[in-house]
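Trainee: Next up, model04.csv (CSV, C-alpha atoms).
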```csv
chain,number,residue,atom,x,y,z
M,1432,MET,CA,120.8,96.9,77.2
M,1433,VAL,CA,121.4,100.7,77.1
M,1434,SER,CA,118.2,101.2,78.9
M,1435,PHE,CA,119.2,98.7,81.6
M,1436,VAL,CA,122.3,100.7,82.3
M,1437,VAL,CA,120.4,104.0,82.5
M,1438,PHE,CA,117.7,102.4,84.7
M,1439,LEU,CA,120.4,100.9,87.1
M,1440,GLN,CA,122.0,104.3,87.4
M,1441,ARG,CA,118.6,105.7,88.3
M,1442,GLU,CA,118.2,103.1,91.0
M,1443,LEU,CA,121.6,103.8,92.4
M,1444,THR,CA,120.9,107.6,92.3
M,1445,LEU,CA,117.7,107.0,94.2
M,1446,LEU,CA,119.4,104.8,96.8
M,1447,ALA,CA,122.1,107.5,97.3
M,1448,ARG,CA,119.3,110.1,97.9
M,1449,GLN,CA,117.1,107.9,100.1
M,1450,LYS,CA,119.7,106.3,102.3
M,1451,SER,CA,117.2,105.0,104.8
M,1452,ASP,CA,115.9,102.6,102.2
M,1453,TRP,CA,119.0,100.5,102.3
M,1454,LEU,CA,120.6,101.6,105.6
M,1455,ASN,CA,117.7,100.6,107.8
M,1456,PRO,CA,117.5,96.9,106.7
M,1457,VAL,CA,121.3,96.5,107.2
M,1458,LEU,CA,121.1,98.1,110.6
M,1459,PHE,CA,118.1,95.8,111.4
M,1460,PHE,CA,120.2,92.8,110.4
M,1461,ILE,CA,123.0,93.8,112.8
M,1462,ILE,CA,120.7,94.6,115.7
M,1463,VAL,CA,118.8,91.3,115.4
M,1464,LEU,CA,122.1,89.5,115.4
M,1465,THR,CA,123.4,91.4,118.5
M,1466,LEU,CA,120.1,90.7,120.4
M,1467,PHE,CA,120.4,86.9,120.1
M,1468,PRO,CA,123.6,86.4,122.2
M,1469,LEU,CA,122.1,88.8,124.8
M,1470,GLY,CA,118.8,86.8,124.8
M,1471,VAL,CA,120.0,83.2,124.8
M,1472,GLY,CA,123.1,83.8,126.9
M,1473,PRO,CA,126.8,84.0,126.0
M,1474,GLU,CA,127.5,80.3,126.0
M,1475,PRO,CA,129.9,80.0,123.0
M,1476,ASN,CA,129.0,76.5,122.1
M,1477,MET,CA,125.3,77.1,122.0
M,1478,LEU,CA,125.8,80.3,119.9
M,1479,ARG,CA,127.9,78.4,117.5
M,1480,ILE,CA,125.2,75.7,117.0
M,1481,MET,CA,122.4,78.3,116.6
M,1482,ALA,CA,124.3,80.7,114.4
M,1483,PRO,CA,123.5,79.3,110.9
M,1484,GLY,CA,119.8,79.5,111.5
M,1485,ILE,CA,119.8,82.9,113.2
M,1486,VAL,CA,122.0,84.5,110.5
M,1487,TRP,CA,119.7,83.3,107.8
M,1488,ILE,CA,116.5,84.2,109.5
M,1489,ALA,CA,117.8,87.7,110.1
M,1490,ALA,CA,118.9,88.0,106.5
M,1491,LEU,CA,115.4,86.9,105.3
M,1492,LEU,CA,113.7,89.5,107.5
M,1493,SER,CA,116.0,92.4,106.6
M,1494,VAL,CA,115.6,91.8,102.9
M,1495,LEU,CA,111.9,91.6,103.3
M,1496,LEU,CA,112.0,95.0,105.1
M,1497,ALA,CA,113.7,96.6,102.2
M,1498,ALA,CA,111.3,95.1,99.7
M,1499,GLU,CA,108.1,96.8,100.7
M,1500,ARG,CA,108.8,100.2,99.4
M,1501,LEU,CA,110.5,99.0,96.3
M,1502,PHE,CA,107.8,99.8,93.7
M,1503,LYS,CA,105.6,102.1,95.8
M,1504,ASP,CA,107.0,105.4,94.5
M,1505,ASP,CA,107.1,104.4,90.9
M,1506,TYR,CA,103.6,103.0,91.2
M,1507,ARG,CA,102.2,106.1,92.8
M,1508,ASN,CA,103.7,108.6,90.4
M,1509,GLY,CA,102.6,106.6,87.3
M,1510,VAL,CA,106.0,105.4,86.1
M,1511,ILE,CA,105.0,101.8,86.1
M,1512,GLU,CA,101.7,102.5,84.3
M,1513,GLN,CA,103.6,104.3,81.6
M,1514,LEU,CA,106.2,101.6,81.3
M,1515,VAL,CA,103.6,98.9,81.0
M,1516,ALA,CA,102.0,101.0,78.2
M,1517,SER,CA,105.3,101.2,76.4
M,1518,GLN,CA,105.9,97.4,76.7
M,1519,GLN,CA,109.5,96.9,75.8
M,1520,ALA,CA,111.0,99.0,78.6
M,1521,LEU,CA,109.4,97.0,81.4
M,1522,MET,CA,111.8,94.1,81.5
M,1523,PRO,CA,115.0,96.2,81.8
M,1524,PHE,CA,113.3,98.3,84.5
M,1525,VAL,CA,112.5,95.1,86.5
M,1526,LEU,CA,116.0,93.8,86.1
M,1527,ALA,CA,117.4,97.1,87.2
M,1528,LYS,CA,115.1,97.0,90.3
M,1529,ILE,CA,116.3,93.5,91.2
M,1530,SER,CA,120.0,94.4,90.7
M,1531,GLY,CA,119.6,97.6,92.7
M,1532,ASN,CA,117.9,95.7,95.5
M,1533,TRP,CA,120.6,93.1,95.7
M,1534,LEU,CA,123.4,95.7,95.6
M,1535,SER,CA,121.8,97.7,98.4
M,1536,THR,CA,120.6,94.9,100.7
M,1537,GLY,CA,122.1,91.5,99.6
M,1538,LEU,CA,125.7,92.6,99.1
M,1539,PRO,CA,126.0,94.4,102.4
M,1540,LEU,CA,125.0,91.2,104.2
M,1541,VAL,CA,127.7,89.3,102.4
M,1542,LEU,CA,130.2,92.0,103.4
M,1543,LEU,CA,129.1,91.9,107.0
M,1544,SER,CA,129.7,88.2,107.4
M,1545,PRO,CA,133.1,88.6,109.1
M,1546,LEU,CA,131.4,90.8,111.7
M,1547,VAL,CA,128.7,88.1,112.2
M,1548,ALA,CA,131.3,85.4,112.6
M,1549,LEU,CA,132.9,87.5,115.3
M,1550,LEU,CA,129.6,87.9,117.2
M,1551,PHE,CA,128.9,84.2,117.2
M,1552,ASN,CA,132.4,83.0,117.8
M,1553,MET,CA,132.5,81.1,114.4
M,1554,GLU,CA,135.6,79.4,113.1
M,1555,SER,CA,137.0,80.4,109.7
M,1556,ALA,CA,135.6,77.3,108.0
M,1557,SER,CA,132.0,78.3,109.0
M,1558,LEU,CA,132.7,81.9,108.1
M,1559,THR,CA,133.7,80.9,104.5
M,1560,ALA,CA,130.6,78.7,104.3
M,1561,MET,CA,128.4,81.5,105.6
M,1562,ALA,CA,129.9,84.0,103.1
M,1563,LEU,CA,129.4,81.6,100.2
M,1564,THR,CA,125.8,80.7,101.1
M,1565,LEU,CA,125.0,84.4,101.5
M,1566,LEU,CA,126.6,85.2,98.2
M,1567,LEU,CA,124.5,82.5,96.4
M,1568,GLY,CA,121.4,83.0,98.5
M,1569,THR,CA,120.9,86.7,98.8
M,1570,PRO,CA,120.2,87.1,95.0
M,1571,VAL,CA,117.3,84.6,95.6
M,1572,LEU,CA,116.1,86.7,98.6
M,1573,SER,CA,116.2,89.8,96.4
M,1574,LEU,CA,114.4,88.1,93.5
M,1575,LEU,CA,111.6,86.7,95.6
M,1576,SER,CA,111.1,89.9,97.6
M,1577,VAL,CA,110.9,91.9,94.4
M,1578,LEU,CA,108.3,89.5,93.2
M,1579,GLY,CA,106.4,89.9,96.5
M,1580,ALA,CA,106.7,93.7,96.2
M,1581,ALA,CA,105.3,93.6,92.7
M,1582,ILE,CA,102.4,91.5,93.6
M,1583,THR,CA,101.4,93.7,96.6
M,1584,VAL,CA,102.2,97.1,95.1
M,1585,SER,CA,98.7,98.2,94.8
M,1586,ALA,CA,97.7,96.9,98.2
M,1587,ASP,CA,97.4,99.7,100.8
M,1588,LYS,CA,99.0,97.8,103.7
M,1589,GLY,CA,101.1,95.4,101.6
M,1590,GLY,CA,103.8,94.8,104.2
M,1591,ILE,CA,102.4,92.0,106.2
M,1592,LEU,CA,100.8,90.4,103.1
M,1593,LEU,CA,104.2,90.5,101.4
M,1594,ALA,CA,105.7,88.7,104.3
M,1595,LEU,CA,103.0,86.0,104.4
M,1596,LEU,CA,103.3,85.5,100.6
M,1597,ILE,CA,107.1,85.4,100.4
M,1598,LEU,CA,108.4,83.9,103.6
M,1599,PRO,CA,107.2,80.3,102.8
M,1600,LEU,CA,109.1,80.5,99.5
M,1601,TYR,CA,112.3,81.0,101.4
M,1602,ILE,CA,112.1,77.7,103.2
M,1603,PRO,CA,114.2,75.6,100.7
M,1604,LEU,CA,116.9,78.3,100.8
M,1605,LEU,CA,116.9,78.4,104.6
M,1606,ILE,CA,117.2,74.6,104.8
M,1607,PHE,CA,120.2,74.3,102.4
M,1608,ALA,CA,122.0,77.4,103.5
M,1609,SER,CA,122.0,76.6,107.2
M,1610,ALA,CA,122.8,72.9,106.4
M,1611,ALA,CA,125.9,74.1,104.5
M,1612,ILE,CA,127.1,76.3,107.4
M,1613,GLU,CA,126.4,73.5,109.9
M,1614,ALA,CA,128.3,71.0,107.8
M,1615,ALA,CA,131.3,73.4,107.6
M,1616,SER,CA,131.3,73.9,111.3
M,1617,ILE,CA,131.8,70.2,112.0
M,1618,GLY,CA,134.4,69.9,109.2
M,1619,LEU,CA,132.3,68.2,106.5
M,1620,GLY,CA,132.2,69.1,102.8
M,1621,TYR,CA,129.3,71.3,101.8
M,1622,GLN,CA,129.6,71.5,98.0
M,1623,GLY,CA,126.4,69.6,97.6
M,1624,GLN,CA,124.4,72.3,99.4
M,1625,LEU,CA,126.1,75.1,97.6
M,1626,ALA,CA,125.3,73.4,94.3
M,1627,ILE,CA,121.6,73.3,95.2
M,1628,LEU,CA,121.7,76.9,96.3
M,1629,LEU,CA,123.3,77.8,92.9
M,1630,ALA,CA,120.6,75.8,91.1
M,1631,ILE,CA,117.8,77.6,93.1
M,1632,MET,CA,119.4,80.9,92.2
M,1633,LEU,CA,119.6,80.2,88.5
M,1634,PHE,CA,116.1,78.9,88.4
M,1635,ALA,CA,114.8,82.0,90.2
M,1636,LEU,CA,116.9,84.3,87.9
M,1637,ALA,CA,115.4,82.7,84.8
M,1638,LEU,CA,111.7,82.8,85.9
M,1639,VAL,CA,111.2,85.5,88.5
M,1640,PRO,CA,111.8,88.6,86.3
M,1641,MET,CA,109.0,87.5,83.9
M,1642,ALA,CA,106.7,86.9,86.9
M,1643,VAL,CA,107.5,90.4,88.2
M,1644,CYS,CA,106.5,91.9,84.8
M,1645,SER,CA,103.2,90.1,84.8
M,1646,ALA,CA,102.5,91.1,88.3
M,1647,LEU,CA,103.1,94.7,87.5
M,1648,LYS,CA,100.9,94.5,84.4
M,1649,ILE,CA,98.1,93.0,86.5
M,1650,ASN,CA,98.4,95.7,89.1
M,1651,VAL,CA,98.1,98.6,86.8
M,1652,SER,CA,95.2,97.2,84.7
E,12,MET,CA,79.2,99.7,82.7
E,13,LEU,CA,80.6,103.0,81.7
E,14,PHE,CA,79.9,103.1,78.0
E,15,GLU,CA,78.7,100.9,75.2
E,16,GLN,CA,78.2,100.9,71.5
E,17,LEU,CA,81.3,103.1,71.1
E,18,SER,CA,83.2,103.1,67.9
E,19,LEU,CA,85.9,105.4,66.7
E,20,GLN,CA,88.7,105.6,64.2
E,21,LEU,CA,91.7,107.8,64.3
E,22,HIS,CA,93.8,108.6,61.2
E,23,PRO,CA,97.2,110.3,60.9
E,24,GLY,CA,96.9,114.1,61.4
E,25,GLN,CA,93.8,113.9,63.5
E,26,LEU,CA,93.2,115.1,67.0
E,27,LEU,CA,90.4,113.5,69.1
E,28,GLN,CA,89.2,115.3,72.1
E,29,ILE,CA,87.3,113.1,74.5
E,30,LYS,CA,84.8,115.1,76.5
E,31,GLY,CA,82.5,114.3,79.4
E,32,LYS,CA,81.7,115.1,83.0
E,33,ASN,CA,83.8,113.9,85.9
E,34,GLY,CA,83.4,110.2,86.3
E,35,ALA,CA,82.0,109.6,82.8
E,36,GLY,CA,84.8,107.3,81.9
E,37,LYS,CA,87.2,109.4,79.9
E,38,SER,CA,90.3,108.1,81.7
E,39,SER,CA,89.0,104.5,81.5
E,40,LEU,CA,88.5,104.9,77.8
E,41,LEU,CA,92.1,106.2,77.4
E,42,ARG,CA,93.5,103.3,79.4
E,43,ILE,CA,91.7,100.9,77.2
E,44,LEU,CA,93.0,102.7,74.1
E,45,ALA,CA,96.5,102.6,75.6
E,46,GLY,CA,96.3,98.8,76.1
E,47,LEU,CA,96.4,99.2,79.9
E,48,ALA,CA,92.9,98.0,80.6
E,49,ARG,CA,90.8,95.5,78.7
E,50,ALA,CA,87.3,96.4,77.6
E,51,ASP,CA,84.6,93.9,78.7
E,52,GLU,CA,83.5,93.7,75.1
E,53,GLY,CA,84.9,95.0,71.8
E,54,GLU,CA,88.1,95.1,70.0
E,55,LEU,CA,91.0,97.5,69.4
E,56,TYR,CA,92.7,97.5,66.0
E,57,TYR,CA,96.0,99.1,65.0
E,58,GLN,CA,96.7,99.4,61.3
E,59,GLY,CA,93.9,97.0,60.5
E,60,GLN,CA,95.2,94.3,62.8
E,61,ALA,CA,93.7,93.2,66.1
E,62,ILE,CA,95.8,94.5,68.9
E,63,ALA,CA,96.7,91.0,70.1
E,64,GLN,CA,98.8,90.7,66.9
E,65,SER,CA,100.1,94.2,66.6
E,66,ARG,CA,100.7,94.8,70.3
E,67,VAL,CA,104.4,95.4,70.2
E,68,ASP,CA,104.3,97.7,67.1
E,69,TYR,CA,101.5,99.6,68.7
E,70,ALA,CA,103.2,100.0,72.0
E,71,THR,CA,106.5,101.3,70.4
E,72,ASN,CA,104.5,103.8,68.4
E,73,LEU,CA,102.6,105.0,71.4
E,74,CYS,CA,103.3,107.7,74.0
E,75,PHE,CA,100.9,107.5,76.9
E,76,ILE,CA,101.0,110.1,79.6
E,77,GLY,CA,98.4,109.4,82.2
E,78,HIS,CA,96.9,111.3,85.0
E,79,GLN,CA,100.0,110.8,87.1
E,80,SER,CA,103.0,112.5,85.7
E,81,GLY,CA,105.5,109.7,85.6
E,82,ILE,CA,108.0,111.9,87.4
E,83,HIS,CA,110.0,110.7,90.4
E,84,GLU,CA,110.0,113.4,93.0
E,85,GLN,CA,113.5,112.6,94.3
E,86,LEU,CA,115.1,112.9,90.8
E,87,THR,CA,115.9,116.1,89.0
E,88,ALA,CA,114.2,117.1,85.8
E,89,LEU,CA,117.3,116.1,83.8
E,90,GLU,CA,117.4,112.6,85.4
E,91,ASN,CA,113.7,112.1,84.8
E,92,LEU,CA,114.0,113.1,81.2
E,93,ARG,CA,117.0,110.8,80.8
E,94,PHE,CA,115.0,107.9,82.2
E,95,TRP,CA,112.2,108.4,79.8
E,96,ARG,CA,114.6,108.8,76.9
E,97,ALA,CA,116.1,105.4,77.7
E,98,ALA,CA,112.7,103.9,78.2
E,99,CYS,CA,111.6,105.0,74.7
E,100,ASP,CA,114.9,104.0,73.1
E,101,LEU,CA,115.9,107.5,72.0
E,102,THR,CA,119.3,108.8,71.3
E,103,PRO,CA,120.7,111.4,73.7
E,104,ALA,CA,120.1,115.0,72.7
E,105,ASP,CA,120.3,118.4,74.2
E,106,ASP,CA,118.0,118.1,77.2
E,107,LEU,CA,119.1,121.3,78.7
E,108,ALA,CA,118.0,123.4,75.8
E,109,LEU,CA,114.7,121.5,75.7
E,110,LEU,CA,114.0,122.1,79.4
E,111,ALA,CA,115.0,125.8,78.9
E,112,SER,CA,112.6,126.2,76.1
E,113,LEU,CA,109.8,124.9,78.4
E,114,GLY,CA,110.6,127.6,80.9
E,115,LEU,CA,112.6,125.3,83.3
E,116,ALA,CA,116.0,127.0,82.8
E,117,GLY,CA,118.0,126.9,86.0
E,118,LEU,CA,115.7,124.2,87.5
E,119,GLU,CA,117.3,121.2,85.8
E,120,ASP,CA,119.3,120.1,88.8
E,121,ILE,CA,117.0,120.3,91.7
E,122,PRO,CA,114.8,117.4,92.8
E,123,CYS,CA,111.3,117.5,91.2
E,124,ARG,CA,109.6,117.5,94.6
E,125,MET,CA,110.8,121.1,95.0
E,126,LEU,CA,109.1,122.1,91.8
E,127,SER,CA,105.5,123.4,91.6
E,128,ALA,CA,102.8,121.2,90.2
E,129,GLY,CA,102.8,123.0,86.9
E,130,GLN,CA,106.6,122.8,86.6
E,131,GLN,CA,106.4,119.0,87.3
E,132,ARG,CA,103.8,118.7,84.5
E,133,ARG,CA,106.2,120.5,82.2
E,134,VAL,CA,109.0,118.1,83.0
E,135,SER,CA,106.6,115.2,82.3
E,136,LEU,CA,105.4,116.7,79.0
E,137,ALA,CA,108.9,117.4,77.8
E,138,ARG,CA,108.9,113.8,76.7
E,139,LEU,CA,106.6,114.8,73.9
E,140,TRP,CA,109.4,116.8,72.4
E,141,THR,CA,111.8,113.8,72.4
E,142,THR,CA,109.5,111.0,71.4
E,143,LYS,CA,109.3,109.4,68.0
E,144,ALA,CA,105.9,107.9,68.7
E,145,GLN,CA,103.2,108.8,66.3
E,146,ILE,CA,100.2,108.2,68.6
E,147,TRP,CA,99.9,110.3,71.7
E,148,ILE,CA,97.4,109.5,74.4
E,149,LEU,CA,97.3,112.2,77.0
E,150,ASP,CA,95.0,112.3,80.0
E,151,GLU,CA,94.4,115.9,81.0
E,152,PRO,CA,97.7,117.3,79.7
E,153,PHE,CA,96.8,120.9,80.5
E,154,THR,CA,96.2,120.3,84.2
E,155,ALA,CA,98.2,122.8,86.4
E,156,LEU,CA,99.8,124.5,83.3
E,157,ASP,CA,99.7,128.3,82.9
E,158,GLN,CA,98.4,130.0,79.8
E,159,SER,CA,101.8,130.3,78.0
E,160,ALA,CA,102.7,126.7,78.6
E,161,ILE,CA,99.3,125.6,77.3
E,162,ALA,CA,99.9,127.7,74.2
E,163,THR,CA,103.4,126.2,73.7
E,164,LEU,CA,102.0,122.7,74.1
E,165,GLN,CA,99.1,123.3,71.6
E,166,GLN,CA,101.6,124.7,69.1
E,167,HIS,CA,103.5,121.5,69.5
E,168,PHE,CA,100.3,119.5,68.9
E,169,VAL,CA,99.8,121.3,65.6
E,170,THR,CA,103.4,120.5,64.5
E,171,HIS,CA,102.9,116.9,65.5
E,172,LEU,CA,99.7,116.6,63.6
E,173,GLU,CA,101.2,118.2,60.5
E,174,GLN,CA,103.9,115.6,60.6
E,175,GLY,CA,101.3,112.9,60.4
E,176,GLY,CA,100.9,112.1,64.1
E,177,ALA,CA,97.7,111.5,65.9
E,178,ILE,CA,96.6,112.6,69.3
E,179,ILE,CA,93.9,111.5,71.7
E,180,LEU,CA,93.4,113.6,74.8
E,181,THR,CA,90.9,114.5,77.4
E,182,THR,CA,90.6,118.1,78.7
E,183,HIS,CA,88.0,120.4,80.1
E,184,GLN,CA,89.8,123.4,78.5
E,185,PRO,CA,88.6,124.5,75.2
E,186,LEU,CA,91.2,123.9,72.5
E,187,SER,CA,92.1,127.4,71.4
E,188,LEU,CA,94.2,126.8,68.3
E,189,GLN,CA,92.9,126.1,64.8
E,190,TYR,CA,93.4,122.4,64.2
E,191,ALA,CA,92.9,121.0,60.7
E,192,GLN,CA,91.1,117.9,61.9
E,193,LEU,CA,89.7,118.2,65.3
E,194,PHE,CA,87.1,115.7,66.4
E,195,ALA,CA,85.3,115.5,69.7
E,196,LEU,CA,83.7,112.5,71.4
E,197,GLU,CA,81.4,113.1,74.2
E,198,ILE,CA,80.8,110.4,76.8
E,199,HIS,CA,77.7,110.9,79.0
E,200,TYR,CA,77.7,110.3,82.6
E,201,ARG,CA,75.4,107.4,83.3
E,202,TRP,CA,74.9,107.1,87.0
```
Here is the file; what I need is its structure written in the form of structure tokens.

Mentor:
Amino acid sequence: MVSFVVFLQRELTLLARQKSDWLNPVLFFIIVLTLFPLGVGPEPNMLRIMAPGIVWIAALLSVLLAAERLFKDDYRNGVIEQLVASQQALMPFVLAKISGNWLSTGLPLVLLSPLVALLFNMESASLTAMALTLLLGTPVLSLLSVLGAAITVSADKGGILLALLILPLYIPLLIFASAAIEAASIGLGYQGQLAILLAIMLFALALVPMAVCSALKINVS
Amino acid sequence: MLFEQLSLQLHPGQLLQIKGKNGAGKSSLLRILAGLARADEGELYYQGQAIAQSRVDYATNLCFIGHQSGIHEQLTALENLRFWRAACDLTPADDLALLASLGLAGLEDIPCRMLSAGQQRRVSLARLWTTKAQIWILDEPFTALDQSAIATLQQHFVTHLEQGGAIILTTHQPLSLQYAQLFALEIHYRW
């Protein structure tokens, strides 16, 4: 527990020093969302229909963008190798990486949802639904992208491989999250979809950190 | 295959120097001994138990510093040391005095990428002054160090061995100090 706190502080220090690591994905998210209304035309009704899917796809891609470099430095300078040798410190390190990744890329997306609602002319019910799905869904995005980053850490050009491995795993998330926003926009209840998102998140939270540790072990040996 | 029919035992107080030409398999042997890689054949035992059973005990009693330093370039010497202290479950101590004794006084607060290769190696090796681990496995610890740092490090090796520790290292430098129990293992290049 002590080591987790120290490791998380280290992640946050690194994020503060390498601002491009988290600022670029957030800016990417905003730019993609601004391009859509320009591309498909400013028809408010059409935008409102398309918004749930677009928001979620932009979120997936921007989190993926942040994931690629996640373990690269620590792999290259031997930190991961030495943590694997020391065994017990690997899990807190992985948990700190996941938390740092969510704080730097997932949380900003949740905070940006009012801006997104403005861009797509969403009503307040849809905005609430979108913020809630992002709050429950972005941890899953972080968990899965950290897993992808761990699997591809020793690959030279891991970026595209990472996307191919991880994007299919996002499908359930995409379906239920956009369904929830859609239901909210036509005034229906969406607790069911949120419950499924929560279940997906808890399931991933329980299993993914162990998978990340194994993936790192395989990559250094 | 890099080597075969290799058998070695290490007891407290002993230093084992692994020698061999470049590419002979010194680092591979160290990685097997540190539990990072698996040998195609053969077993590793710790305190008479196969490593599969004693893995956790072994790992907590092991300090492995590989060819890469384990230093993040964007972090300062102090932050790096703090990270490793947490990773090895050690209580906080006077890191500033330790870094100063290794000739890094005044450099604690600048990112390690601004330090020279030798200074980075000193930051990395500072861990040896904080660790409680008995077994040290060091891959080329003297690389990039100057003569005085090598002398300090070897002096620390002697202290560690006297306290019942054990060291396995690879180096191309002759070990200059008088060690009570120094063994050498030479691996021959086979290709």

Trainee: Using 10 Å as the limit and counting only C-alpha atoms, can you tabulate each residue of chain M that touches chain E, with its shortest atom-to-atom distance in Å and the two atoms involved, as a Markdown table?

Mentor:
```
| residue | atom | partner | partner_atom | distance |
| --- | --- | --- | --- | --- |
| M:Met1432 | CA | E:Ala97 | CA | 9.7 |
| M:Val1433 | CA | E:Ala97 | CA | 7.1 |
| M:Ser1434 | CA | E:Ala97 | CA | 4.8 |
| M:Phe1435 | CA | E:Ala97 | CA | 8.3 |
| M:Val1436 | CA | E:Ala97 | CA | 9.0 |
| M:Val1437 | CA | E:Ala97 | CA | 6.6 |
| M:Phe1438 | CA | E:Phe94 | CA | 6.6 |
| M:Gln1440 | CA | E:Phe94 | CA | 9.4 |
| M:Arg1441 | CA | E:Phe94 | CA | 7.4 |
| M:Thr1444 | CA | E:Leu86 | CA | 8.0 |
| M:Leu1445 | CA | E:Gln85 | CA | 7.0 |
| M:Arg1448 | CA | E:Gln85 | CA | 7.3 |
| M:Gln1449 | CA | E:Gln85 | CA | 8.3 |
| M:Asp1504 | CA | E:His83 | CA | 7.3 |
| M:Asp1505 | CA | E:His83 | CA | 7.0 |
| M:Tyr1506 | CA | E:Gly81 | CA | 8.9 |
| M:Arg1507 | CA | E:Gln79 | CA | 7.7 |
| M:Asn1508 | CA | E:Gly81 | CA | 5.2 |
| M:Gly1509 | CA | E:Gly81 | CA | 4.6 |
| M:Val1510 | CA | E:Gly81 | CA | 4.4 |
| M:Ile1511 | CA | E:Gly81 | CA | 7.9 |
| M:Glu1512 | CA | E:Leu47 | CA | 7.6 |
| M:Gln1513 | CA | E:Phe75 | CA | 6.3 |
| M:Leu1514 | CA | E:Ala98 | CA | 7.6 |
| M:Val1515 | CA | E:Leu47 | CA | 7.3 |
| M:Ala1516 | CA | E:Leu47 | CA | 6.1 |
| M:Ser1517 | CA | E:Ala70 | CA | 5.0 |
| M:Gln1518 | CA | E:Ala70 | CA | 6.0 |
| M:Gln1519 | CA | E:Thr71 | CA | 7.6 |
| M:Ala1520 | CA | E:Ala98 | CA | 5.2 |
| M:Leu1521 | CA | E:Ala98 | CA | 8.3 |
| M:Pro1523 | CA | E:Ala98 | CA | 8.8 |
| M:Phe1524 | CA | E:Ala98 | CA | 8.5 |
| M:Lys1648 | CA | E:Leu47 | CA | 7.9 |
| M:Ile1649 | CA | E:Leu47 | CA | 9.2 |
| M:Val1651 | CA | E:Leu47 | CA | 7.1 |
| M:Ser1652 | CA | E:Ala48 | CA | 4.8 |
```

Trainee: May I have the residues from that selection written out with C-alpha atoms, as a short mmCIF file (atom, residue, chain, number, x, y, z; two decimals), keeping the file's coordinate frame?

Mentor:
```cif
data_model
loop_
_atom_site.label_atom_id
_atom_site.label_comp_id
_atom_site.auth_asym_id
_atom_site.auth_seq_id
_atom_site.Cartn_x
_atom_site.Cartn_y
_atom_site.Cartn_z
CA MET M 1432 120.80 96.90 77.20
CA VAL M 1433 121.40 100.70 77.10
CA SER M 1434 118.20 101.20 78.90
CA PHE M 1435 119.20 98.70 81.60
CA VAL M 1436 122.30 100.70 82.30
CA VAL M 1437 120.40 104.00 82.50
CA PHE M 1438 117.70 102.40 84.70
CA GLN M 1440 122.00 104.30 87.40
CA ARG M 1441 118.60 105.70 88.30
CA THR M 1444 120.90 107.60 92.30
CA LEU M 1445 117.70 107.00 94.20
CA ARG M 1448 119.30 110.10 97.90
CA GLN M 1449 117.10 107.90 100.10
CA ASP M 1504 107.00 105.40 94.50
CA ASP M 1505 107.10 104.40 90.90
CA TYR M 1506 103.60 103.00 91.20
CA ARG M 1507 102.20 106.10 92.80
CA ASN M 1508 103.70 108.60 90.40
CA GLY M 1509 102.60 106.60 87.30
CA VAL M 1510 106.00 105.40 86.10
CA ILE M 1511 105.00 101.80 86.10
CA GLU M 1512 101.70 102.50 84.30
CA GLN M 1513 103.60 104.30 81.60
CA LEU M 1514 106.20 101.60 81.30
CA VAL M 1515 103.60 98.90 81.00
CA ALA M 1516 102.00 101.00 78.20
CA SER M 1517 105.30 101.20 76.40
CA GLN M 1518 105.90 97.40 76.70
CA GLN M 1519 109.50 96.90 75.80
CA ALA M 1520 111.00 99.00 78.60
CA LEU M 1521 109.40 97.00 81.40
CA PRO M 1523 115.00 96.20 81.80
CA PHE M 1524 113.30 98.30 84.50
CA LYS M 1648 100.90 94.50 84.40
CA ILE M 1649 98.10 93.00 86.50
CA VAL M 1651 98.10 98.60 86.80
CA SER M 1652 95.20 97.20 84.70
#
```

Trainee: Atom CA of Pro1599 of chain M and atom CA of Leu1565 of chain M, how far apart in Å?

Mentor: 18.3 Å

Trainee: Atom CA of Gly1620 of chain M and atom CA of Leu1491 of chain M are how many Å apart?

Mentor: 24.6 Å

Trainee: Find the distance between atom CA of Gly175 of chain E and atom CA of Leu149 of chain E and write it in Å to one decimal.

Mentor: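 About the pair atom CA of Gly175 of chain E and atom CA of Leu149 of chain E: they are 17.1 Å apart.
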
Trainee: Given all atoms listed in the file as the basis, pick out the residue of E:Gln184, E:Gln189, E:Gln16, E:Thr154 nearest to Ala50 of chain E.

Mentor: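 Closest to Ala50 of chain E, using all atoms listed in the file: E:Gln16.
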
Trainee: Counting all atoms listed in the file, what is within 10 Å of Val1577 of chain M, bar same-chain residues fewer than 5 positions away, as a list in words?

Mentor: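 With the cut-off at 10 Å, the set is Val1494, Leu1495, Ala1497, Ala1498, Glu1499, Arg1500, Leu1501, Phe1502, Val1525, Leu1526, Lys1528, Ile1529, Asn1532, Trp1533, Val1571, Leu1572, Ile1582, Thr1583, Leu1593, Ile1597, Val1639, Pro1640, Ala1642 and Val1643 of chain M.
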
Trainee: Next, dump the selected residues to file, keeping only C-alpha atoms, as a short mmCIF file (atom, residue, chain, number, x, y, z; two decimals), in the coordinates of the input.

Mentor:
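Result went into part-v2.cif, see below:
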```cif
data_model
loop_
_atom_site.label_atom_id
_atom_site.label_comp_id
_atom_site.auth_asym_id
_atom_site.auth_seq_id
_atom_site.Cartn_x
_atom_site.Cartn_y
_atom_site.Cartn_z
CA VAL M 1494 115.60 91.80 102.90
CA LEU M 1495 111.90 91.60 103.30
CA ALA M 1497 113.70 96.60 102.20
CA ALA M 1498 111.30 95.10 99.70
CA GLU M 1499 108.10 96.80 100.70
CA ARG M 1500 108.80 100.20 99.40
CA LEU M 1501 110.50 99.00 96.30
CA PHE M 1502 107.80 99.80 93.70
CA VAL M 1525 112.50 95.10 86.50
CA LEU M 1526 116.00 93.80 86.10
CA LYS M 1528 115.10 97.00 90.30
CA ILE M 1529 116.30 93.50 91.20
CA ASN M 1532 117.90 95.70 95.50
CA TRP M 1533 120.60 93.10 95.70
CA VAL M 1571 117.30 84.60 95.60
CA LEU M 1572 116.10 86.70 98.60
CA ILE M 1582 102.40 91.50 93.60
CA THR M 1583 101.40 93.70 96.60
CA LEU M 1593 104.20 90.50 101.40
CA ILE M 1597 107.10 85.40 100.40
CA VAL M 1639 111.20 85.50 88.50
CA PRO M 1640 111.80 88.60 86.30
CA ALA M 1642 106.70 86.90 86.90
CA VAL M 1643 107.50 90.40 88.20
#
```
